[in-house]
Amino acid sequence: MTPLSRRAFLVQGTAAACAVPAMGAVGPFLHVPGRQAPDLVLRGGAVFNGLGEAAREMDVAVRAGRITAMAPRLAARGREEIDARGLAVAPGFVDIHSHGDSSLREDPRAESVIRQGITTIVVGADGSSRFSGAVGRSFSDWERDVAAMAPAVNVASMIGLGSVRGAVVGEADRRATTDELARMVAMVERALSEGACGTSSGLEYTPGAFATVDELVALCQPLAQRGLPYATHMRNEDDQLLEAIDESIAVARGARCALQLSHLKQQGTRNWAKLNASLARLREARAAGVDAWFDVYPYEAYQTGLTNLFPVWARDGGDAAFLKRLDDPGTAPRIRSESLAKVEMIGGWDNVQIARVRNTADRDAEGQRLGAWARTRGADPYEAAVGLLRRNEADVGMLGFAMSEENIDQLLAHAYGMVCSDGGGFAIDGPTRRGSPHPRGAGTMPRVLGRFVRERQALPLADAIHKMTARPADRVHLRDRGRLAVGMAGDAVVFDPATVADRATFANPFQYPVGISTVVVNGVVAIRDGQQLARTGRVLQAGGAAPALEWMALGVVSRRHDDGGFTLRDHDMTSRRSVVRQLTLAALAAPLAPSLVAGAGRPFTPARRKVQQLRITILSTMLADSGLGEWGFAALVEVDGRRLLFDTGAHDDVVSRNARDLRLALDTVPEVILSHNHGDHTVGLVPLRRELAATRADALGRAHVAEGIFAPRRREGEPADLNAMNRFRPLYEATGGVFVVHRQAGEVLPGVWLTGPVPRRYPERNWGGAAAGRLETKVEIGGRLVEDTVPDDMSMIFDTEQGLVVLTGCGHAGVVNTIEHARAVVRPAPVHALIGGIHLFNASEQTLTWTEEQLRGFGVRHLIGAHCTGVEVVYRFRQSLGLDRSRCVVGAVGQVFDLASGIRAGAIAR
């Protein structure tokens, strides 16, 4: 394979970017005006946004810890400027499986971590966390401890189920009692409610190894409603690997939670061929609805405790009991036999390297292969290993050389994979320079970029960055990390793709990488030109950075003020003080970064932002130049670098097929908005989710709906629920999909709003049923059947400099009601464009006359009447609103509205 030069990397990225349409999801490249100068500007780098897309040459401005502007050329000068020309700029790397917290108390500089470009570590891995959820060992206690250390990197944590078991059951190999299990579940619940980002197990380590599948299912069930993962160091990674994967899948399926296989590997030469079978197990699980992913580190050796070469049953009761069994004539021969079989599987004692000892008399063993070290002493290797364990009270670290680099190539490149280090933190000086640690603690990320991207060309640079940034951040719900986009946290790394490389080796791990010039943590330059300048890391909580939209959906925020602020409401499940605390912690992480958080009843005011780039492509409606079409509606929304799907059409495959014909990839669309419950807008949801998630697990993983969408629909005297959404809901959730229910209007992205249920000020009655001569269904509300006015009808609103852009599915709430609601909650601006179904095809003359008068008053400048609008109605509005054929057309598949250039319609649609 031919290595790629820096120029080739950057030229390749730029060329690919030029091929992407202006609205490609390459980040919201907009400038947010402000009176204050940026704290920091990264100038002219090849910016990778973290989503797996090609780089674009950009400036990135940061102020108050947040990215405030991204553009090809920013005029504003920063208080500090970094010349990134000719270099790559990526989001700070997120290490989804780290042990970097083990040394933070001794040395919070975390030198070997941050110098890799890692700005966030996810700890609490392998079933072991530094809190258990017990009294005095809660997540909040741990959070305060870490914050007091002032670490160089951000730290998030899972709760280790081994730690939980140890706190309740102890070290014994026995089933938990009913009472003990209830206590453990409560501890997990508490930790997750306080911000832990998942659960972890270490089933090769005690006491976690003594947990049954039923116990693990019970402890992981609290994850389901939060969408957080169960990360497992499986019970076996060699001869029983496939059985261990099956067990992991069974836990996730039983708990209905997401699954993360930690540091997936095929250990031992005879097991390398199990790679394809391992991935097939995951593929089958995902097809059956399990949200399954894995992480992998780029080394052929693993690190563990030397006790891991000895059988789990021998470790029952803790270290003292284990050491006693090594001398017991009744157990020692069996232990020896099983241990030697394990060593033979990984290739012998020379594939075991001693990493760390406690006893100073054994320091000469550190960094040595155990077989060779034993030979120098004239000792049998097994007896030498047992002697080390005795003299060090069973506390000996080891490396095992047992994996295939070719397998690592495939795992790193695989669609379900992401990068982890599984490493600790240390430094080339100070108290953490000890032993002979695994070089992954200092080299993982640069090794992926140098060895596996540049040299072995196992995967493209953009993909590698995605697997180290947005993908792991999304996995553990760190919503403001892992991307370079306006409003996101100011974590970034600047590196040279042509020279970045790891230097730490198994023989000499105390060497920092090269080719990484700058690391920024929370908007502050932490590393520059080889010098650590600041420690600005924080403790991060899962989901702690909820956007204003989700605060509104949860009923925490009651309304938006004319000045752009929001009012906090008393919440029946959350105290005012708690809400204010949560918003204070999360405020800057919202897409609309609030500048003030006040007490309940007073507004906090975000900076006002408007949509800069918007492209809406119709993917399903009745008319299409190509002959495609259906009675239904769907549209792809591309707005300031983000991609959303609006509705999913009336058939399983129409949206997917039309998107392929239009060469529009949908697997990079993470969220879908469903305008209402009717099947002609929702039937495609589950088939699309299943199809796309097979390639990318987060595709269409969140569905935004309005309150009332799941209310039963019935005919008088008939018990059957006719609401298709109640059939689709369990099928969608079985794929790992999450519904977000909106009770009122809210802002999902800067300048992008969902109306929630629309107040019916005018009796527009834009729904079918009796008016169309059909038997009407009714909706069940409060146990009573009432007329189904489609109370869940919801539209999208885009706030632009030109005015409001309104996207509707059917507009059952009434187009006038919808626009007036938008003008009330967003701002009283003219309607620049009205797009979608308006449900006027069977309206009376009186209704049409009144509607066109209202639309004239709203100043509608562009109109695409799709789906249920009616062809005659569109032509009528063209005349009455004073529009021409370029600005008022019948909606058709493939039709585009672009904020910059207007409507692009085929001839037949005009």
# chains A, B, ... in the order shown; residues from 1 in each chain; ligands from 1
$ select_by_dssp --residues "segment 444-566 of chain A" --states "strand (DSSP E)" --output "ChimeraX atom specification"
/A:492-495,516-521,524-528,531-532,557-560,566
$ closest_residue --among "A:Val47, A:Ala635, A:Cys257, A:Val251" --to "Gly86 of chain A" --atoms "only C-alpha atoms"
A:Val47
$ closest_residue --among "A:Glu405, A:Asp898, A:Asp350, A:Asp480" --to "Thr617 of chain A" --atoms "only C-alpha atoms"
A:Asp898
$ residues_around --residues "Met725 of chain A" --least-positions-apart "4" --cutoff "9 Å" --atoms "only C-alpha atoms" --output "tab-separated table (two decimals) with all heavy atoms, in the first residue's frame"
chain	number	residue	atom	x	y	z
A	677	ASN	N	-50.21	11.24	12.95
A	677	ASN	CA	-50.30	9.79	13.06
A	677	ASN	C	-50.71	9.06	11.80
A	677	ASN	O	-50.60	7.84	11.74
A	677	ASN	CB	-51.26	9.42	14.20
A	677	ASN	CG	-52.72	9.67	13.82
A	677	ASN	OD1	-53.39	8.80	13.25
A	677	ASN	ND2	-53.24	10.84	14.15
A	678	HIS	N	-51.20	9.74	10.77
A	678	HIS	CA	-51.78	9.06	9.62
A	678	HIS	C	-50.74	8.23	8.87
A	678	HIS	O	-49.59	8.65	8.68
A	678	HIS	CB	-52.44	10.06	8.68
A	678	HIS	CG	-53.66	10.69	9.27
A	678	HIS	ND1	-54.33	11.72	8.68
A	678	HIS	CD2	-54.35	10.41	10.42
A	678	HIS	CE1	-55.37	12.08	9.43
A	678	HIS	NE2	-55.39	11.29	10.49
A	679	GLY	N	-51.17	7.07	8.39
A	679	GLY	CA	-50.27	6.12	7.76
A	679	GLY	C	-49.58	6.64	6.52
A	679	GLY	O	-48.49	6.18	6.18
A	682	THR	N	-46.41	7.88	7.92
A	682	THR	CA	-45.68	7.13	8.95
A	682	THR	C	-45.34	5.68	8.58
A	682	THR	O	-44.52	5.06	9.25
A	682	THR	CB	-46.48	7.10	10.25
A	682	THR	OG1	-47.75	6.47	10.01
A	682	THR	CG2	-46.72	8.51	10.78
A	683	VAL	N	-45.96	5.12	7.54
A	683	VAL	CA	-45.75	3.71	7.24
A	683	VAL	C	-44.28	3.39	6.98
A	683	VAL	O	-43.79	2.32	7.31
A	683	VAL	CB	-46.63	3.28	6.05
A	683	VAL	CG1	-46.18	1.93	5.49
A	683	VAL	CG2	-48.09	3.19	6.48
A	709	ILE	N	-50.12	11.78	19.49
A	709	ILE	CA	-49.93	10.92	18.32
A	709	ILE	C	-50.22	9.46	18.65
A	709	ILE	O	-50.59	8.67	17.78
A	709	ILE	CB	-48.51	11.08	17.74
A	709	ILE	CG1	-48.46	10.53	16.30
A	709	ILE	CG2	-47.47	10.42	18.62
A	709	ILE	CD1	-47.21	10.91	15.53
A	710	PHE	N	-50.09	9.07	19.92
A	710	PHE	CA	-50.33	7.68	20.30
A	710	PHE	C	-51.72	7.47	20.90
A	710	PHE	O	-52.04	6.36	21.34
A	710	PHE	CB	-49.26	7.21	21.29
A	710	PHE	CG	-47.87	7.25	20.75
A	710	PHE	CD1	-46.91	8.09	21.31
A	710	PHE	CD2	-47.50	6.48	19.65
A	710	PHE	CE1	-45.63	8.14	20.81
A	710	PHE	CE2	-46.22	6.52	19.15
A	710	PHE	CZ	-45.28	7.35	19.73
A	711	ALA	N	-52.54	8.50	20.93
A	711	ALA	CA	-53.90	8.35	21.47
A	711	ALA	C	-54.67	7.34	20.62
A	711	ALA	O	-54.61	7.39	19.38
A	711	ALA	CB	-54.61	9.70	21.49
A	729	ARG	N	-45.05	1.72	16.98
A	729	ARG	CA	-44.23	2.14	18.12
A	729	ARG	C	-43.36	1.01	18.68
A	729	ARG	O	-42.14	1.18	18.79
A	729	ARG	CB	-45.13	2.72	19.21
A	729	ARG	CG	-44.35	3.25	20.41
A	729	ARG	CD	-45.28	3.88	21.43
A	729	ARG	NE	-44.54	4.59	22.46
A	729	ARG	CZ	-45.11	5.33	23.41
A	729	ARG	NH1	-46.43	5.48	23.42
A	729	ARG	NH2	-44.37	5.95	24.31
$ select_by_dssp --residues "segment 234-434 of chain A" --states "helix (DSSP H, G or I)" --output "PyMOL selection string"
chain A and resi 241-255+269-287+306-309+312-315+319-327+332-345+349-351+360-365+370-376+381-391+405-413
$ closest_residue --among "A:Glu820, A:Asp640, A:Asp698, A:Asp319" --to "Ala172 of chain A" --atoms "only C-alpha atoms"
A:Asp319
$ atom_distance --atom1 "atom CA of Arg174 of chain A" --atom2 "atom CA of Ala314 of chain A"
13.8 Å
$ residues_around --residues "Glu764 of chain A" --least-positions-apart "5" --cutoff "10 Å" --atoms "only C-alpha atoms" --output "PyMOL selection string"
chain A and resi 812-817+840+843+847+850-851
$ closest_residue --among "A:Ala458, A:Val896, A:Ala75, A:Val825" --to "Glu406 of chain A" --atoms "only C-alpha atoms"
A:Ala458
$ residues_around --residues "Ala501 of chain A" --least-positions-apart "6" --cutoff "12 Å" --atoms "only C-alpha atoms" --output "list in words"
Arg115, Gln116, Gly117, Ala442, Gly443, Thr444, Met445, Pro446, Arg447, Val448, Leu449, Gly450, Arg451, Phe452, Val453, Arg454, Glu455, Phe495, Gln511, Tyr512, Pro513, Val514, Gly515 and Ile516 of chain A
$ write_last_selection --atoms "N, CA and C atoms" --output "CSV table (one decimal), in the first residue's frame"
chain,number,residue,atom,x,y,z
A,115,ARG,N,-2.2,14.5,25.2
A,115,ARG,CA,-1.2,14.7,24.1
A,115,ARG,C,-1.6,13.8,22.8
A,116,GLN,N,-2.5,12.9,23.0
A,116,GLN,CA,-3.0,12.1,21.9
A,116,GLN,C,-4.1,12.9,21.1
A,117,GLY,N,-4.6,14.0,21.7
A,117,GLY,CA,-5.7,14.7,21.2
A,117,GLY,C,-7.0,14.3,21.8
A,442,ALA,N,-0.6,6.0,25.7
A,442,ALA,CA,0.0,7.2,25.1
A,442,ALA,C,-0.1,7.3,23.6
A,443,GLY,N,-0.6,6.2,22.9
A,443,GLY,CA,-0.5,6.2,21.5
A,443,GLY,C,-1.7,5.8,20.7
A,444,THR,N,-2.8,5.5,21.3
A,444,THR,CA,-3.9,4.9,20.5
A,444,THR,C,-4.4,5.8,19.4
A,445,MET,N,-4.8,7.0,19.6
A,445,MET,CA,-5.4,7.8,18.6
A,445,MET,C,-4.4,8.1,17.5
A,446,PRO,N,-3.2,8.6,17.8
A,446,PRO,CA,-2.2,8.8,16.7
A,446,PRO,C,-1.8,7.5,16.0
A,447,ARG,N,-1.9,6.4,16.6
A,447,ARG,CA,-1.6,5.1,16.0
A,447,ARG,C,-2.6,4.8,14.9
A,448,VAL,N,-3.9,5.0,15.2
A,448,VAL,CA,-5.0,4.9,14.3
A,448,VAL,C,-4.7,5.8,13.1
A,449,LEU,N,-4.4,7.0,13.3
A,449,LEU,CA,-4.3,8.0,12.2
A,449,LEU,C,-3.0,7.7,11.4
A,450,GLY,N,-1.9,7.3,12.1
A,450,GLY,CA,-0.7,7.1,11.4
A,450,GLY,C,-0.6,5.7,10.8
A,451,ARG,N,-0.6,4.7,11.6
A,451,ARG,CA,-0.4,3.3,11.2
A,451,ARG,C,-1.5,2.8,10.3
A,452,PHE,N,-2.8,3.0,10.8
A,452,PHE,CA,-3.9,2.3,10.2
A,452,PHE,C,-4.6,3.2,9.1
A,453,VAL,N,-4.5,4.5,9.2
A,453,VAL,CA,-5.1,5.3,8.1
A,453,VAL,C,-4.0,5.6,7.0
A,454,ARG,N,-2.9,6.2,7.4
A,454,ARG,CA,-1.9,6.6,6.5
A,454,ARG,C,-1.1,5.4,5.9
A,455,GLU,N,-0.6,4.5,6.7
A,455,GLU,CA,0.3,3.5,6.3
A,455,GLU,C,-0.4,2.3,5.7
A,495,PHE,N,-3.7,18.6,13.9
A,495,PHE,CA,-2.7,17.6,13.7
A,495,PHE,C,-2.3,17.6,12.2
A,511,GLN,N,6.8,7.5,25.8
A,511,GLN,CA,7.1,8.5,24.7
A,511,GLN,C,5.8,9.0,24.2
A,512,TYR,N,5.7,10.3,24.0
A,512,TYR,CA,4.5,11.0,23.5
A,512,TYR,C,4.5,10.9,22.0
A,513,PRO,N,3.3,11.1,21.4
A,513,PRO,CA,3.2,11.0,20.0
A,513,PRO,C,3.7,12.3,19.3
A,514,VAL,N,3.9,12.2,18.0
A,514,VAL,CA,4.3,13.4,17.2
A,514,VAL,C,3.2,13.7,16.2
A,515,GLY,N,3.3,14.9,15.7
A,515,GLY,CA,2.3,15.4,14.7
A,515,GLY,C,1.1,16.0,15.2
A,516,ILE,N,0.9,16.1,16.5
A,516,ILE,CA,-0.3,16.8,17.1
A,516,ILE,C,0.2,18.1,17.7
$ residues_around --residues "Ile408 of chain A" --least-positions-apart "3" --cutoff "10 Å" --atoms "only C-alpha atoms" --output "number ranges by chain"
A: 264-266, 275, 296-300, 403-405, 411-414, 452, 458
$ write_last_selection --atoms "N, CA and C atoms" --output "CSV table (one decimal), in the first residue's frame"
chain,number,residue,atom,x,y,z
A,264,LEU,N,-13.5,-5.3,21.3
A,264,LEU,CA,-13.7,-6.6,20.6
A,264,LEU,C,-12.4,-7.1,20.0
A,265,LYS,N,-12.2,-8.4,20.3
A,265,LYS,CA,-10.9,-9.0,19.8
A,265,LYS,C,-11.2,-10.5,19.6
A,266,GLN,N,-10.3,-11.1,18.9
A,266,GLN,CA,-10.2,-12.6,18.7
A,266,GLN,C,-8.9,-13.0,19.2
A,275,LEU,N,-13.3,-13.9,13.4
A,275,LEU,CA,-13.7,-12.5,13.2
A,275,LEU,C,-15.0,-12.4,12.4
A,296,VAL,N,-12.7,-0.9,19.6
A,296,VAL,CA,-11.5,-1.7,19.4
A,296,VAL,C,-10.3,-0.8,19.5
A,297,TYR,N,-9.2,-1.3,20.0
A,297,TYR,CA,-7.9,-0.5,20.1
A,297,TYR,C,-6.9,-1.1,19.1
A,298,PRO,N,-6.0,-0.3,18.6
A,298,PRO,CA,-5.1,-0.7,17.5
A,298,PRO,C,-3.8,-1.4,17.9
A,299,TYR,N,-3.9,-2.3,18.7
A,299,TYR,CA,-2.7,-3.0,19.2
A,299,TYR,C,-2.9,-4.5,19.2
A,300,GLU,N,-1.8,-5.3,19.0
A,300,GLU,CA,-1.9,-6.7,19.0
A,300,GLU,C,-1.8,-7.4,20.4
A,403,MET,N,-3.3,-11.0,19.4
A,403,MET,CA,-4.3,-10.6,18.4
A,403,MET,C,-3.6,-10.4,17.0
A,404,SER,N,-4.4,-10.3,16.0
A,404,SER,CA,-3.9,-10.2,14.6
A,404,SER,C,-4.1,-8.8,14.1
A,405,GLU,N,-3.1,-8.2,13.5
A,405,GLU,CA,-3.2,-6.8,13.0
A,405,GLU,C,-4.1,-6.8,11.8
A,411,LEU,N,-11.7,-4.6,11.9
A,411,LEU,CA,-12.5,-4.1,13.0
A,411,LEU,C,-12.5,-2.6,13.0
A,412,LEU,N,-11.4,-1.9,12.8
A,412,LEU,CA,-11.4,-0.5,12.8
A,412,LEU,C,-12.2,0.1,11.6
A,413,ALA,N,-12.2,-0.6,10.5
A,413,ALA,CA,-13.0,-0.1,9.3
A,413,ALA,C,-14.4,-0.5,9.4
A,414,HIS,N,-14.8,-1.4,10.2
A,414,HIS,CA,-16.2,-1.9,10.2
A,414,HIS,C,-17.2,-0.9,10.5
A,452,PHE,N,-2.8,3.0,10.8
A,452,PHE,CA,-3.9,2.3,10.2
A,452,PHE,C,-4.6,3.2,9.1
A,458,ALA,N,-6.3,1.2,6.1
A,458,ALA,CA,-7.4,0.4,6.5
A,458,ALA,C,-8.7,1.1,6.5
$ closest_residue --among "A:Met468, A:Val672, A:Ala69, A:Val352" --to "Arg483 of chain A" --atoms "only C-alpha atoms"
A:Met468
$ residues_around --residues "Leu306 of chain A" --least-positions-apart "2" --cutoff "10 Å" --atoms "only C-alpha atoms" --output "list in words"
Gln303, Thr304, Asn308, Leu309, Phe310, Val352, Gln353, Ile354, Ala355, Arg356, Ala385, Val386, Leu388, Leu389, Ala394, Asp395, Val396, Gly397, Met398, Leu399 and Gly400 of chain A
$ write_last_selection --atoms "all heavy atoms" --output "short mmCIF file (atom, residue, chain, number, x, y, z; two decimals), in the first residue's frame"
data_model
loop_
_atom_site.label_atom_id
_atom_site.label_comp_id
_atom_site.auth_asym_id
_atom_site.auth_seq_id
_atom_site.Cartn_x
_atom_site.Cartn_y
_atom_site.Cartn_z
N GLN A 303 -3.97 -5.77 27.83
CA GLN A 303 -3.43 -5.62 29.17
C GLN A 303 -4.48 -6.04 30.17
O GLN A 303 -5.68 -5.76 30.01
CB GLN A 303 -3.00 -4.17 29.45
CG GLN A 303 -2.42 -4.00 30.86
CD GLN A 303 -1.74 -2.65 31.07
OE1 GLN A 303 -1.68 -1.83 30.18
NE2 GLN A 303 -1.21 -2.45 32.26
N THR A 304 -4.04 -6.74 31.21
CA THR A 304 -4.96 -7.21 32.24
C THR A 304 -4.14 -7.52 33.49
O THR A 304 -2.95 -7.18 33.57
CB THR A 304 -5.74 -8.46 31.74
OG1 THR A 304 -6.74 -8.81 32.69
CG2 THR A 304 -4.82 -9.63 31.49
N ASN A 308 -5.68 -13.05 35.58
CA ASN A 308 -6.63 -13.39 34.52
C ASN A 308 -6.19 -14.64 33.75
O ASN A 308 -6.98 -15.20 32.98
CB ASN A 308 -6.78 -12.21 33.56
CG ASN A 308 -8.13 -12.22 32.86
OD1 ASN A 308 -9.14 -12.53 33.47
ND2 ASN A 308 -8.14 -11.89 31.58
N LEU A 309 -4.94 -15.08 33.93
CA LEU A 309 -4.51 -16.33 33.33
C LEU A 309 -4.97 -17.54 34.15
O LEU A 309 -4.77 -18.69 33.75
CB LEU A 309 -2.98 -16.37 33.21
CG LEU A 309 -2.34 -15.36 32.25
CD1 LEU A 309 -0.83 -15.52 32.26
CD2 LEU A 309 -2.89 -15.52 30.84
N PHE A 310 -5.59 -17.26 35.28
CA PHE A 310 -6.01 -18.32 36.19
C PHE A 310 -7.54 -18.41 36.20
O PHE A 310 -8.23 -17.41 35.96
CB PHE A 310 -5.47 -18.05 37.60
CG PHE A 310 -3.96 -18.11 37.67
CD1 PHE A 310 -3.19 -17.07 37.18
CD2 PHE A 310 -3.32 -19.22 38.19
CE1 PHE A 310 -1.79 -17.13 37.23
CE2 PHE A 310 -1.93 -19.29 38.23
CZ PHE A 310 -1.16 -18.25 37.75
N VAL A 352 3.64 -13.33 27.24
CA VAL A 352 3.17 -12.65 28.45
C VAL A 352 4.27 -11.70 28.90
O VAL A 352 5.41 -12.12 29.12
CB VAL A 352 2.86 -13.66 29.58
CG1 VAL A 352 2.46 -12.93 30.86
CG2 VAL A 352 1.77 -14.64 29.14
N GLN A 353 3.93 -10.41 29.00
CA GLN A 353 4.91 -9.40 29.44
C GLN A 353 4.43 -8.80 30.76
O GLN A 353 3.25 -8.41 30.88
CB GLN A 353 5.07 -8.31 28.38
CG GLN A 353 6.06 -7.20 28.77
CD GLN A 353 6.33 -6.25 27.62
OE1 GLN A 353 6.62 -6.70 26.51
NE2 GLN A 353 6.24 -4.95 27.86
N ILE A 354 5.33 -8.72 31.72
CA ILE A 354 4.97 -8.14 33.01
C ILE A 354 4.94 -6.61 32.89
O ILE A 354 5.92 -5.99 32.46
CB ILE A 354 5.95 -8.57 34.12
CG1 ILE A 354 5.96 -10.10 34.24
CG2 ILE A 354 5.58 -7.93 35.45
CD1 ILE A 354 4.61 -10.70 34.55
N ALA A 355 3.80 -6.03 33.27
CA ALA A 355 3.63 -4.57 33.14
C ALA A 355 3.86 -3.84 34.45
O ALA A 355 4.36 -2.70 34.44
CB ALA A 355 2.22 -4.27 32.63
N ARG A 356 3.50 -4.49 35.55
CA ARG A 356 3.54 -3.76 36.83
C ARG A 356 3.58 -4.75 37.98
O ARG A 356 2.92 -5.79 37.96
CB ARG A 356 2.28 -2.89 36.95
CG ARG A 356 2.10 -2.17 38.28
CD ARG A 356 0.74 -1.48 38.33
NE ARG A 356 -0.34 -2.34 37.90
CZ ARG A 356 -0.88 -3.31 38.66
NH1 ARG A 356 -0.41 -3.52 39.88
NH2 ARG A 356 -1.88 -4.06 38.20
N ALA A 385 5.46 -17.30 37.70
CA ALA A 385 4.24 -16.50 37.72
C ALA A 385 3.56 -16.58 39.08
O ALA A 385 3.13 -15.56 39.65
CB ALA A 385 3.29 -16.96 36.62
N VAL A 386 3.47 -17.79 39.63
CA VAL A 386 2.84 -17.97 40.94
C VAL A 386 3.64 -17.25 42.01
O VAL A 386 3.09 -16.61 42.93
CB VAL A 386 2.69 -19.47 41.26
CG1 VAL A 386 2.29 -19.69 42.73
CG2 VAL A 386 1.66 -20.11 40.34
N LEU A 388 5.46 -14.55 41.63
CA LEU A 388 5.15 -13.12 41.51
C LEU A 388 3.83 -12.78 42.20
O LEU A 388 3.71 -11.78 42.91
CB LEU A 388 5.09 -12.72 40.03
CG LEU A 388 6.42 -12.51 39.30
CD1 LEU A 388 6.17 -12.33 37.81
CD2 LEU A 388 7.14 -11.28 39.86
N LEU A 389 2.84 -13.61 41.98
CA LEU A 389 1.52 -13.36 42.57
C LEU A 389 1.60 -13.44 44.10
O LEU A 389 1.00 -12.59 44.80
CB LEU A 389 0.50 -14.36 42.04
CG LEU A 389 0.13 -14.18 40.56
CD1 LEU A 389 -0.70 -15.36 40.06
CD2 LEU A 389 -0.66 -12.87 40.36
N ALA A 394 -1.12 -10.85 44.73
CA ALA A 394 -1.97 -11.06 43.54
C ALA A 394 -2.14 -9.80 42.70
O ALA A 394 -2.94 -9.79 41.76
CB ALA A 394 -3.33 -11.63 43.93
N ASP A 395 -1.37 -8.78 43.00
CA ASP A 395 -1.49 -7.51 42.26
C ASP A 395 -0.32 -7.36 41.29
O ASP A 395 0.66 -6.68 41.56
CB ASP A 395 -1.54 -6.35 43.25
CG ASP A 395 -1.80 -5.01 42.56
OD1 ASP A 395 -2.20 -5.03 41.37
OD2 ASP A 395 -1.63 -3.96 43.20
N VAL A 396 -0.44 -8.01 40.12
CA VAL A 396 0.58 -7.95 39.08
C VAL A 396 -0.12 -7.67 37.76
O VAL A 396 -1.11 -8.33 37.41
CB VAL A 396 1.36 -9.28 38.97
CG1 VAL A 396 2.40 -9.22 37.85
CG2 VAL A 396 2.01 -9.63 40.31
N GLY A 397 0.38 -6.70 37.02
CA GLY A 397 -0.19 -6.39 35.71
C GLY A 397 0.56 -7.11 34.61
O GLY A 397 1.77 -7.38 34.73
N MET A 398 -0.12 -7.43 33.51
CA MET A 398 0.53 -8.14 32.40
C MET A 398 -0.01 -7.68 31.06
O MET A 398 -1.12 -7.12 30.97
CB MET A 398 0.32 -9.64 32.53
CG MET A 398 -1.13 -10.08 32.42
SD MET A 398 -1.37 -11.81 31.89
CE MET A 398 -1.22 -11.64 30.11
N LEU A 399 0.76 -7.89 30.02
CA LEU A 399 0.33 -7.74 28.64
C LEU A 399 0.31 -9.12 28.01
O LEU A 399 1.20 -9.94 28.27
CB LEU A 399 1.27 -6.84 27.85
CG LEU A 399 1.65 -5.48 28.45
CD1 LEU A 399 2.57 -4.73 27.50
CD2 LEU A 399 0.42 -4.66 28.75
N GLY A 400 -0.68 -9.37 27.14
CA GLY A 400 -0.75 -10.63 26.43
C GLY A 400 -0.74 -10.38 24.93
O GLY A 400 -1.61 -9.67 24.41
#
$ closest_residue --among "A:Asp491, A:Glu733, A:Glu243, A:Asp799" --to "Val290 of chain A" --atoms "only C-alpha atoms"
A:Glu733
$ decode --residues "segment 878-888 of chain A" --atoms "N, CA and C atoms" --output "compact mmCIF listing (two decimals), in the first residue's frame"
# COMPACT_ATOMS: atom_id res chain seq x y z
N ARG A 878 -51.54 30.66 -6.91
CA ARG A 878 -50.54 31.34 -7.74
C ARG A 878 -51.08 32.67 -8.22
N GLN A 879 -52.33 32.65 -8.66
CA GLN A 879 -52.96 33.89 -9.18
C GLN A 879 -53.30 34.85 -8.06
N SER A 880 -53.93 34.33 -6.98
CA SER A 880 -54.42 35.23 -5.94
C SER A 880 -53.28 35.82 -5.11
N LEU A 881 -52.16 35.12 -4.99
CA LEU A 881 -51.04 35.62 -4.21
C LEU A 881 -50.04 36.40 -5.07
N GLY A 882 -50.31 36.51 -6.36
CA GLY A 882 -49.44 37.28 -7.23
C GLY A 882 -48.09 36.62 -7.47
N LEU A 883 -48.07 35.28 -7.48
CA LEU A 883 -46.82 34.54 -7.69
C LEU A 883 -46.75 34.06 -9.13
N ASP A 884 -45.56 33.66 -9.57
CA ASP A 884 -45.43 33.16 -10.94
C ASP A 884 -45.05 31.68 -10.91
N ARG A 885 -44.78 31.11 -12.08
CA ARG A 885 -44.52 29.68 -12.19
C ARG A 885 -43.21 29.27 -11.51
N SER A 886 -42.34 30.21 -11.26
CA SER A 886 -41.08 29.88 -10.59
C SER A 886 -41.21 29.91 -9.07
N ARG A 887 -42.30 30.49 -8.57
CA ARG A 887 -42.43 30.65 -7.12
C ARG A 887 -43.66 29.97 -6.53
N CYS A 888 -44.50 29.36 -7.37
CA CYS A 888 -45.67 28.65 -6.86
C CYS A 888 -45.90 27.44 -7.76
